[in-house]
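Q: So that you have it, the file is target_1.cif, and it contains mmCIF, C-alpha atoms:
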```cif
data_run
#
loop_
_atom_site.group_PDB
_atom_site.id
_atom_site.type_symbol
_atom_site.label_atom_id
_atom_site.label_comp_id
_atom_site.auth_asym_id
_atom_site.auth_seq_id
_atom_site.Cartn_x
_atom_site.Cartn_y
_atom_site.Cartn_z
ATOM 1 C CA LEU A 1 -1.729 -10.811 6.019
ATOM 2 C CA LEU A 2 1.914 -11.851 5.802
ATOM 3 C CA ALA A 3 5.074 -9.884 4.994
ATOM 4 C CA HIS A 4 8.712 -10.989 5.008
ATOM 5 C CA SER A 5 11.673 -8.711 5.640
ATOM 6 C CA GLN A 6 13.941 -8.083 2.686
ATOM 7 C CA ILE A 7 16.999 -7.532 4.922
ATOM 8 C CA SER A 8 16.647 -10.193 7.647
ATOM 9 C CA ALA A 9 14.905 -13.464 8.529
ATOM 10 C CA SER A 10 11.980 -11.610 10.176
ATOM 11 C CA SER A 11 8.307 -11.955 9.234
ATOM 12 C CA TRP A 12 5.125 -10.173 10.293
ATOM 13 C CA VAL A 13 1.495 -11.289 10.359
ATOM 14 C CA ALA A 14 -1.703 -9.356 11.006
ATOM 15 C CA SER A 15 -5.396 -9.503 10.252
ATOM 16 C CA CYS A 16 -8.650 -7.634 10.350
ATOM 17 C CA ASN A 17 -11.538 -9.335 12.122
ATOM 18 C CA TRP A 18 -15.093 -8.526 11.003
ATOM 19 C CA GLN A 19 -17.797 -9.326 13.548
ATOM 20 C CA ALA A 20 -21.438 -8.281 13.117
ATOM 21 C CA GLY A 21 -20.474 -5.523 10.666
ATOM 22 C CA LYS A 22 -17.854 -4.030 12.972
ATOM 23 C CA THR A 23 -14.118 -4.390 12.824
ATOM 24 C CA THR A 24 -12.014 -5.512 15.707
ATOM 25 C CA GLY A 25 -8.299 -5.400 15.426
ATOM 26 C CA CYS A 26 -5.559 -7.693 16.395
ATOM 27 C CA ASP A 27 -1.940 -7.219 17.259
ATOM 28 C CA LEU A 28 0.672 -7.089 14.589
ATOM 29 C CA ARG A 29 2.876 -10.079 15.322
ATOM 30 C CA HIS A 30 6.592 -10.357 14.553
ATOM 31 C CA TYR A 31 8.516 -13.602 14.066
ATOM 32 C CA ALA A 32 12.261 -13.439 14.738
ATOM 33 C CA ASN A 33 14.796 -15.671 16.480
ATOM 34 C CA GLN A 34 12.377 -18.609 16.298
ATOM 35 C CA ARG A 35 9.628 -16.957 18.346
ATOM 36 C CA TRP A 36 6.518 -14.834 17.877
ATOM 37 C CA GLN A 37 5.997 -11.558 19.720
ATOM 38 C CA THR A 38 3.944 -8.391 19.420
ATOM 39 C CA ALA A 39 5.496 -5.907 17.010
ATOM 40 C CA GLY A 40 4.768 -2.761 19.024
ATOM 41 C CA LEU A 41 2.548 -0.989 16.481
ATOM 42 C CA PRO A 42 1.646 2.362 18.130
ATOM 43 C CA ALA A 43 -2.024 2.010 17.082
ATOM 44 C CA ASP A 44 -3.578 -0.490 19.500
ATOM 45 C CA ASN A 45 -6.444 -2.823 18.600
ATOM 46 C CA THR A 46 -6.768 -1.624 15.033
ATOM 47 C CA CYS A 47 -7.816 -3.365 11.868
ATOM 48 C CA ILE A 48 -4.768 -3.972 9.661
ATOM 49 C CA THR A 49 -5.738 -4.017 5.988
ATOM 50 C CA ALA A 50 -2.376 -4.244 4.167
ATOM 51 C CA LEU A 51 1.321 -5.009 4.777
ATOM 52 C CA THR A 52 4.417 -4.772 2.613
ATOM 53 C CA THR A 53 8.177 -4.521 3.037
ATOM 54 C CA ASP A 54 10.873 -2.859 0.979
ATOM 55 C CA LYS A 55 14.561 -3.406 0.282
ATOM 56 C CA PHE A 56 15.517 -0.556 2.626
ATOM 57 C CA GLY A 57 14.378 -2.455 5.726
ATOM 58 C CA TYR A 58 10.978 -0.828 6.167
ATOM 59 C CA LEU A 59 7.733 -2.581 7.020
ATOM 60 C CA TRP A 60 4.708 -0.607 5.822
ATOM 61 C CA VAL A 61 1.472 -1.202 7.744
ATOM 62 C CA ALA A 62 -2.009 0.017 6.784
ATOM 63 C CA ALA A 63 -3.974 0.234 10.030
ATOM 64 C CA GLN A 64 -7.437 1.148 8.772
ATOM 65 C CA GLY A 65 -6.924 4.630 7.291
ATOM 66 C CA THR A 66 -3.490 5.268 8.795
ATOM 67 C CA LEU A 67 -0.148 4.386 7.223
ATOM 68 C CA TRP A 68 2.717 3.374 9.517
ATOM 69 C CA ARG A 69 6.335 2.598 8.707
ATOM 70 C CA TYR A 70 8.540 0.429 10.895
ATOM 71 C CA ASP A 71 12.288 0.879 10.480
ATOM 72 C CA GLU A 72 13.754 -2.555 11.146
ATOM 73 C CA LYS A 73 17.308 -1.182 11.480
ATOM 74 C CA GLU A 74 16.376 1.530 14.004
ATOM 75 C CA ASN A 75 13.499 -0.331 15.692
ATOM 76 C CA SER A 76 11.275 2.743 15.365
ATOM 77 C CA TRP A 77 7.828 3.655 14.033
ATOM 78 C CA ALA A 78 6.720 6.661 11.962
ATOM 79 C CA GLU A 79 3.175 7.677 11.022
ATOM 80 C CA PHE A 80 2.296 9.056 7.580
ATOM 81 C CA PRO A 81 -1.040 10.918 7.771
ATOM 82 C CA ALA A 82 -3.047 10.941 4.558
ATOM 83 C CA PRO A 83 -2.956 14.155 2.529
ATOM 84 C CA LEU A 84 -5.999 16.409 2.424
ATOM 85 C CA LEU A 85 -8.553 15.435 -0.182
ATOM 86 C CA ASP A 86 -9.232 18.020 -2.892
ATOM 87 C CA ALA A 87 -12.667 19.294 -1.801
ATOM 88 C CA SER A 88 -13.691 20.270 -5.344
ATOM 89 C CA THR A 89 -12.916 16.815 -6.768
ATOM 90 C CA TYR A 90 -13.952 14.697 -3.777
ATOM 91 C CA MET A 91 -16.838 16.692 -2.292
ATOM 92 C CA GLY A 92 -18.697 14.582 0.246
ATOM 93 C CA PHE A 93 -15.957 11.950 0.468
ATOM 94 C CA ARG A 94 -13.535 11.000 3.203
ATOM 95 C CA TYR A 95 -10.800 8.391 3.452
ATOM 96 C CA GLY A 96 -11.739 4.872 4.396
ATOM 97 C CA ALA A 97 -9.369 1.959 4.790
ATOM 98 C CA ILE A 98 -6.143 1.482 2.879
ATOM 99 C CA ARG A 99 -6.871 -1.393 0.493
ATOM 100 C CA GLY A 100 -3.455 -1.870 -1.054
ATOM 101 C CA LEU A 101 0.238 -1.233 -0.405
ATOM 102 C CA GLN A 102 3.099 -1.920 -2.790
ATOM 103 C CA ALA A 103 6.732 -0.948 -2.288
ATOM 104 C CA GLY A 104 8.858 -0.154 -5.317
ATOM 105 C CA ALA A 105 12.557 -0.720 -5.842
ATOM 106 C CA ASP A 106 12.984 3.069 -6.079
ATOM 107 C CA GLY A 107 11.796 3.636 -2.489
ATOM 108 C CA ALA A 108 8.286 4.749 -3.430
ATOM 109 C CA VAL A 109 5.276 3.170 -1.745
ATOM 110 C CA TRP A 110 2.021 2.982 -3.670
ATOM 111 C CA VAL A 111 -1.023 3.382 -1.418
ATOM 112 C CA LEU A 112 -4.601 2.621 -2.496
ATOM 113 C CA TYR A 113 -7.255 4.241 -0.273
ATOM 114 C CA GLU A 114 -10.952 3.548 -0.497
ATOM 115 C CA LEU A 115 -13.085 6.673 -0.354
ATOM 116 C CA CYS A 116 -16.272 6.769 1.689
ATOM 117 C CA GLY A 117 -19.314 8.853 0.813
ATOM 118 C CA SER A 118 -23.067 8.748 1.204
ATOM 119 C CA ALA A 119 -23.260 5.505 -0.823
ATOM 120 C CA GLY A 120 -20.712 3.729 1.358
ATOM 121 C CA CYS A 121 -17.028 2.958 1.159
ATOM 122 C CA GLU A 122 -16.639 0.790 -1.912
ATOM 123 C CA THR A 123 -17.652 3.179 -4.678
ATOM 124 C CA ARG A 124 -14.444 5.145 -5.297
ATOM 125 C CA GLN A 125 -10.742 4.819 -4.671
ATOM 126 C CA ILE A 126 -7.685 7.003 -4.861
ATOM 127 C CA ARG A 127 -4.116 5.831 -5.357
ATOM 128 C CA TYR A 128 -1.072 7.754 -4.172
ATOM 129 C CA ARG A 129 2.629 7.395 -4.697
ATOM 130 C CA LEU A 130 4.448 8.252 -1.465
ATOM 131 C CA GLN A 131 8.123 9.060 -1.895
ATOM 132 C CA PHE A 132 10.485 11.060 0.315
ATOM 133 C CA GLY A 133 7.534 11.874 2.591
ATOM 134 C CA LEU A 134 5.519 13.508 -0.216
ATOM 135 C CA TRP A 135 2.141 12.243 -1.454
ATOM 136 C CA TYR A 136 1.448 12.289 -5.204
ATOM 137 C CA PRO A 137 -2.113 11.467 -6.375
ATOM 138 C CA MET A 138 -2.161 9.110 -9.340
ATOM 139 C CA PRO A 139 -4.305 9.656 -12.429
ATOM 140 C CA ASP A 140 -5.890 6.175 -12.205
ATOM 141 C CA SER A 141 -7.892 7.295 -9.172
ATOM 142 C CA SER A 142 -11.640 7.747 -8.736
ATOM 143 C CA GLN A 143 -12.733 4.516 -10.322
ATOM 144 C CA VAL A 144 -14.966 1.917 -8.726
ATOM 145 C CA ASN A 145 -12.148 -0.575 -9.179
ATOM 146 C CA ALA A 146 -8.666 0.824 -9.597
ATOM 147 C CA PRO A 147 -6.587 -0.843 -12.309
ATOM 148 C CA ARG A 148 -4.222 -3.554 -11.196
ATOM 149 C CA LEU A 149 -0.773 -2.188 -10.342
ATOM 150 C CA LEU A 150 2.515 -4.026 -10.955
ATOM 151 C CA LEU A 151 5.971 -2.714 -10.057
ATOM 152 C CA ASP A 152 8.969 -4.145 -11.884
ATOM 153 C CA GLY A 153 12.433 -4.714 -10.431
ATOM 154 C CA GLN A 154 13.570 -1.168 -11.274
ATOM 155 C CA GLY A 155 10.562 0.520 -9.634
ATOM 156 C CA ASN A 156 8.647 1.150 -12.876
ATOM 157 C CA ALA A 157 4.882 1.093 -12.375
ATOM 158 C CA PHE A 158 2.397 -0.498 -14.765
ATOM 159 C CA THR A 159 -1.392 -0.443 -14.550
ATOM 160 C CA LEU A 160 -3.484 -3.132 -16.149
ATOM 161 C CA ALA A 161 -7.072 -2.331 -17.068
ATOM 162 C CA PRO A 162 -9.292 -4.388 -19.385
ATOM 163 C CA GLY A 163 -7.640 -4.255 -22.820
ATOM 164 C CA LEU A 164 -4.958 -1.749 -21.801
ATOM 165 C CA ILE A 165 -1.525 -1.737 -20.144
ATOM 166 C CA GLU A 166 0.009 1.598 -19.187
ATOM 167 C CA GLN A 167 3.398 2.588 -17.738
ATOM 168 C CA PHE A 168 4.010 5.458 -15.323
ATOM 169 C CA ASP A 169 6.411 8.026 -16.800
ATOM 170 C CA GLY A 170 6.950 10.011 -13.591
ATOM 171 C CA ARG A 171 3.840 12.174 -14.015
ATOM 172 C CA THR A 172 1.124 10.186 -15.783
ATOM 173 C CA PHE A 173 0.403 6.714 -17.057
ATOM 174 C CA GLN A 174 1.089 6.265 -20.785
ATOM 175 C CA PRO A 175 -0.326 3.419 -22.926
ATOM 176 C CA VAL A 176 2.243 0.753 -23.826
ATOM 177 C CA ALA A 177 -0.015 -2.078 -25.040
ATOM 178 C CA SER A 178 -3.616 -2.535 -26.111
ATOM 179 C CA ILE A 179 -4.116 -6.222 -25.451
ATOM 180 C CA ASP A 180 -6.704 -8.393 -23.747
ATOM 181 C CA TRP A 181 -4.439 -9.690 -21.008
ATOM 182 C CA ILE A 182 -5.657 -12.530 -18.824
ATOM 183 C CA THR A 183 -3.167 -12.432 -15.966
ATOM 184 C CA ALA A 184 0.138 -10.749 -15.166
ATOM 185 C CA THR A 185 2.865 -10.910 -12.564
ATOM 186 C CA VAL A 186 6.445 -9.869 -11.891
ATOM 187 C CA ASP A 187 8.985 -12.694 -12.130
ATOM 188 C CA PRO A 188 11.915 -13.255 -9.723
ATOM 189 C CA THR A 189 14.232 -11.228 -11.971
ATOM 190 C CA GLY A 190 11.928 -8.191 -11.800
ATOM 191 C CA ASN A 191 10.336 -8.408 -15.275
ATOM 192 C CA VAL A 192 6.595 -7.874 -15.839
#
```
Output the file's structure as structure tokens, nothing else.
A:
Amino acid sequence: LLAHSQISASSWVASCNWQAGKTTGCDLRHYANQRWQTAGLPADNTCITALTTDKFGYLWVAAQGTLWRYDEKENSWAEFPAPLLDASTYMGFRYGAIRGLQAGADGAVWVLYELCGSAGCETRQIRYRLQFGLWYPMPDSSQVNAPRLLLDGQGNAFTLAPGLIEQFDGRTFQPVASIDWITATVDPTGNV
């Protein structure tokens, strides 16, 4: 995994090593001033599954099921424990690894957790929007494969499912196009 700072010339790399069905971690490495060094992630020897940065100088690190934020300006770490799962909706499930992280221009971070149950860890997912320290579950959760998520340059969120594109209105996703899209991206100017 690779992430570049949006406020400096720093970069970070990490990985998750799978050996004989078990995960072994590696250090999060930081490149600055023409040299590599450990980044000081408080969770030692953990499997890092996602990285992203935002325009506010934060590095977001998914270390298995735990979300960490590094403040590049203050050189400090903060942990963001996952919210409690709704027992009536997710009976028999627990959090697995974080499978996706995306930082929006509005300061929100979108976090995609896999959920683990009796059938394993790749049968359901739940997506959250984390903003101002509060977790908001997203309505595209609980699918085997969550829809693709794109964030435009203003922080607007779009999900892309087969034949449907929806935009987040602050509470739910609303349909904006019924098309059979093939691929999608956000261009350098922030347009989907």
Q: When the PyMOL selection byres ((chain A and resi 132) around 12) is applied to the structure above, which residues does it catch, written out as a list in words?
A: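 This file, filtered by the PyMOL selection byres ((chain A and resi 132) around 12), leaves Phe80, Asp106, Gly107, Ala108, Val109, Arg129, Leu130, Gln131, Gly133, Leu134, Trp135 and Tyr136 of chain A.
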Q: Run the PyMOL selection byres ((chain A and resi 163) around 10) mentally over the shown coordinates, then write out the matched residues as a compact mmCIF listing (two decimals) with C-alpha atoms, keeping the file's coordinate frame, using the chain letters and numbers from the document.
A:
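Once everything was written out, this is expr20.txt:
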```
# COMPACT_ATOMS: atom_id res chain seq x y z
CA LEU A 160 -3.48 -3.13 -16.15
CA ALA A 161 -7.07 -2.33 -17.07
CA PRO A 162 -9.29 -4.39 -19.39
CA LEU A 164 -4.96 -1.75 -21.80
CA ILE A 165 -1.52 -1.74 -20.14
CA ALA A 177 -0.02 -2.08 -25.04
CA SER A 178 -3.62 -2.54 -26.11
CA ILE A 179 -4.12 -6.22 -25.45
CA ASP A 180 -6.70 -8.39 -23.75
CA TRP A 181 -4.44 -9.69 -21.01
CA ILE A 182 -5.66 -12.53 -18.82
```
Q: Translate the PyMOL selection byres ((chain A and resi 37) around 12) into a concrete residue list for this structure, as a count of residues only.
A: 19
Q: Rank A:Gly92, A:Ala146, A:Trp60, A:Ser8 by their smallest atom-to-atom distance to Trp77 in chain A, using only C-alpha atoms, and report the top residue only.
A: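 Among A:Gly92, A:Ala146, A:Trp60, A:Ser8, it is A:Trp60 that comes nearest to Trp77 in chain A.
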Q: Would you please work out which residue, of A:Thr89, A:Thr172, A:Ser5, A:Gln167, is nearest to Leu51 in chain A when using all atoms listed in the file?
A: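 Checking each candidate against Leu51 in chain A, we get A:Ser5 as the closest.
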Q: If you measure from CA of Val176 in chain A to CA of Tyr128 in chain A, what distance in Å do you get, rounded to one decimal?
A: 21.1 Å
Q: Between CA of Glu122 in chain A and CA of Leu85 in chain A, what is the spacing in Å?
A: 16.8 Å
Q: Expressed in Å to a single decimal, how great is the separation between CA of Trp110 in chain A and CA of Leu149 in chain A?
A: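 Going from CA of Trp110 in chain A over to CA of Leu149 in chain A covers 8.9 Å.
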Q: Can you spit out range 35-49 of chain A with N, CA and C atoms, as a PDB file, in the first residue's frame, from the structure just given?
A:
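Contents of result.pdb, freshly written:
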```
ATOM      1  N   ARG A  35      14.985   9.690   3.012  1.00  0.00           N
ATOM      2  CA  ARG A  35      15.292   8.436   3.702  1.00  0.00           C
ATOM      3  C   ARG A  35      14.021   7.784   4.227  1.00  0.00           C
ATOM      4  N   TRP A  36      14.087   6.464   4.357  1.00  0.00           N
ATOM      5  CA  TRP A  36      12.989   5.666   4.897  1.00  0.00           C
ATOM      6  C   TRP A  36      13.207   5.444   6.380  1.00  0.00           C
ATOM      7  N   GLN A  37      12.098   5.449   7.133  1.00  0.00           N
ATOM      8  CA  GLN A  37      12.171   5.144   8.565  1.00  0.00           C
ATOM      9  C   GLN A  37      10.837   4.558   9.012  1.00  0.00           C
ATOM     10  N   THR A  38      10.811   3.950  10.196  1.00  0.00           N
ATOM     11  CA  THR A  38       9.531   3.480  10.708  1.00  0.00           C
ATOM     12  C   THR A  38       8.673   4.692  11.044  1.00  0.00           C
ATOM     13  N   ALA A  39       7.361   4.521  10.931  1.00  0.00           N
ATOM     14  CA  ALA A  39       6.446   5.650  11.116  1.00  0.00           C
ATOM     15  C   ALA A  39       5.905   5.756  12.533  1.00  0.00           C
ATOM     16  N   GLY A  40       6.215   4.793  13.389  1.00  0.00           N
ATOM     17  CA  GLY A  40       5.799   4.884  14.787  1.00  0.00           C
ATOM     18  C   GLY A  40       4.348   4.549  15.046  1.00  0.00           C
ATOM     19  N   LEU A  41       3.729   3.739  14.183  1.00  0.00           N
ATOM     20  CA  LEU A  41       2.346   3.311  14.414  1.00  0.00           C
ATOM     21  C   LEU A  41       2.263   2.622  15.774  1.00  0.00           C
ATOM     22  N   PRO A  42       1.345   3.048  16.664  1.00  0.00           N
ATOM     23  CA  PRO A  42       1.261   2.457  17.999  1.00  0.00           C
ATOM     24  C   PRO A  42       0.948   0.958  18.011  1.00  0.00           C
ATOM     25  N   ALA A  43       0.301   0.438  16.981  1.00  0.00           N
ATOM     26  CA  ALA A  43       0.001  -0.995  16.907  1.00  0.00           C
ATOM     27  C   ALA A  43       1.176  -1.705  16.250  1.00  0.00           C
ATOM     28  N   ASP A  44       1.928  -2.470  17.021  1.00  0.00           N
ATOM     29  CA  ASP A  44       3.100  -3.169  16.492  1.00  0.00           C
ATOM     30  C   ASP A  44       2.713  -4.449  15.767  1.00  0.00           C
ATOM     31  N   ASN A  45       3.486  -4.795  14.754  1.00  0.00           N
ATOM     32  CA  ASN A  45       3.369  -6.044  14.015  1.00  0.00           C
ATOM     33  C   ASN A  45       1.921  -6.367  13.660  1.00  0.00           C
ATOM     34  N   THR A  46       1.273  -5.442  13.008  1.00  0.00           N
ATOM     35  CA  THR A  46      -0.117  -5.633  12.621  1.00  0.00           C
ATOM     36  C   THR A  46      -0.251  -5.631  11.107  1.00  0.00           C
ATOM     37  N   CYS A  47      -1.293  -6.205  10.638  1.00  0.00           N
ATOM     38  CA  CYS A  47      -1.565  -6.279   9.210  1.00  0.00           C
ATOM     39  C   CYS A  47      -2.265  -4.986   8.781  1.00  0.00           C
ATOM     40  N   ILE A  48      -1.655  -4.221   7.919  1.00  0.00           N
ATOM     41  CA  ILE A  48      -2.236  -2.966   7.447  1.00  0.00           C
ATOM     42  C   ILE A  48      -2.974  -3.244   6.145  1.00  0.00           C
ATOM     43  N   THR A  49      -4.282  -2.932   6.139  1.00  0.00           N
ATOM     44  CA  THR A  49      -5.131  -3.289   5.008  1.00  0.00           C
ATOM     45  C   THR A  49      -5.542  -2.102   4.135  1.00  0.00           C
TER      46      THR A  49
END
```
